[in-house]
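Asker: Sharing a structure here in structure tokens format.
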Amino acid sequence: MLSLQEISDRLEIQELLVRYSHAVDTRDWDAFERVFTDDAVIDYTEMGGPRGGVKETRAFLESAMPTFSGFQHMVGNTVLEFEGDTARARTICHNPMVLDRGQGQTHVFFCGLWYRDVLVRTPDGWRIKDRYEERCYFHNLPPEMASVAT
């Protein structure tokens with residue numbers, strides 16, 4: 001049986017993971033920074049992005065996301081393992097992306113990935129200390145982005 005503390009921790013972490021997706025999807029970069037520890041390492045390399053700290057990753061996303069006219073990060077199916085004030089998580093993310101091709105034409109492609117996270121309890125609640133995007137698939141990737149799939 002789960003303790004009240006573990007139930008609370010699980011709900012707080014679920015909310016944290018949703019806040020990450022919401023921050024990226026609404027381009028709220030201050031909210032994006034708040035889901036991480038100050039010394040977090042974020043590794044998007046399997047999905048074609050960089051590896052770096054929170055500020056570097058924010059700068060990358062601020063420059064990359066305007067490329068897309070639409071996107072969503074839907075997270076679910078999180079497996080959590082706790083060890084004191086640290087948790088390891090593996091969470092599915094389904095990510096449709098829309099490119100505007102002009103003249104009313106768009107190209108929709110899909111990214112499937114898992115977030116592999118190390119989370120820590122802080123005085124301000126749970127935060128992501130380490131995030132790794134593990135690639136599962138790309139579907140309908142546009143030709144100019146083919147290098148991401150290799």
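Following the order of the structure tokens, chains are lettered A, B, ..., residues in each are numbered from 1, and ligands are numbered from 1.
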Near region 97-114 of chain A, within 8 Å and counting only C-alpha atoms, which residues show up once chain neighbours fewer than 2 positions away are dropped, as an MDAnalysis selection string?

Answerer: chainID A and resid 67:72 90:95 116 133:142

Asker: Taking only chain A into account, list the residues labelled strand (DSSP E) by DSSP (computed from the backbone), as a PyMOL selection string.

Answerer: chain A and resi 36-43+51-52+70-71+74-83+86-102+105-122+125-139

Asker: Can you work out which one of A:Pro143, A:Pro96, A:Gly48, A:Pro123 has the shortest atom-to-atom distance to His73 (chain A), counting only C-alpha atoms?

Answerer: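 The shortest atom-to-atom distance to His73 (chain A) comes from A:Pro96.
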
Asker: Under the rule that only C-alpha atoms are counted, which of A:Asp9, A:Ile128, A:Arg27, A:Val18 is the nearest residue to Pro66 (chain A)?

Answerer: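 Ranked by minimum distance to Pro66 (chain A), first place goes to A:Arg27.
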
Asker: When distances are computed from only C-alpha atoms, which of A:Arg19, A:Met145, A:Ser3, A:Glu62 shows the smallest separation from Val75 (chain A)?

Answerer: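 Closest residue, counting only C-alpha atoms: A:Arg19.
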
Asker: Closest to Tyr115 (chain A) among A:Thr26, A:Phe82, A:Asp43, A:Gly53, using only C-alpha atoms?

Answerer: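 Comparing A:Thr26, A:Phe82, A:Asp43, A:Gly53 against Tyr115 (chain A), the winner is A:Asp43.
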
Asker: Give the answer as one residue: which of A:Glu83, A:Asp38, A:Glu56, A:Glu46 has the shortest atom-to-atom distance to Thr122 (chain A), using only C-alpha atoms?

Answerer: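 The answer is A:Asp38, which sits nearest to Thr122 (chain A).
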
Asker: Hey, can you check how far CA of Val118 (chain A) sits from CA of Glu33 (chain A)?

Answerer: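 Separation between CA of Val118 (chain A) and CA of Glu33 (chain A): 15.8 Å.
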
Asker: DSSP on the backbone, helix (DSSP H, G or I) only: what residues of region 28-114 of chain A does that give? Format it as a list in words.

Answerer: Trp29, Asp30, Ala31, Phe32, Glu33, Arg34, Thr45, Glu46, Met47, Val54, Lys55, Glu56, Thr57, Arg58, Ala59, Phe60, Leu61, Glu62, Ser63, Ala64, Met65, Pro66 and Thr67 of chain A

Asker: Choose the residue, out of A:Leu16, A:Leu119, A:Met1, A:Val35, that has the smallest atom-to-atom separation from Leu80 (chain A); count only C-alpha atoms.

Answerer: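 Counting only C-alpha atoms, the residue closest to Leu80 (chain A) is A:Leu119.
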
Asker: Please provide the set of residues having any atom within 6 Å of Thr37 (chain A), restricted to only C-alpha atoms, with same-chain residues fewer than 3 positions apart removed, written as a ChimeraX atom specification.

Answerer: /A:40,127,129
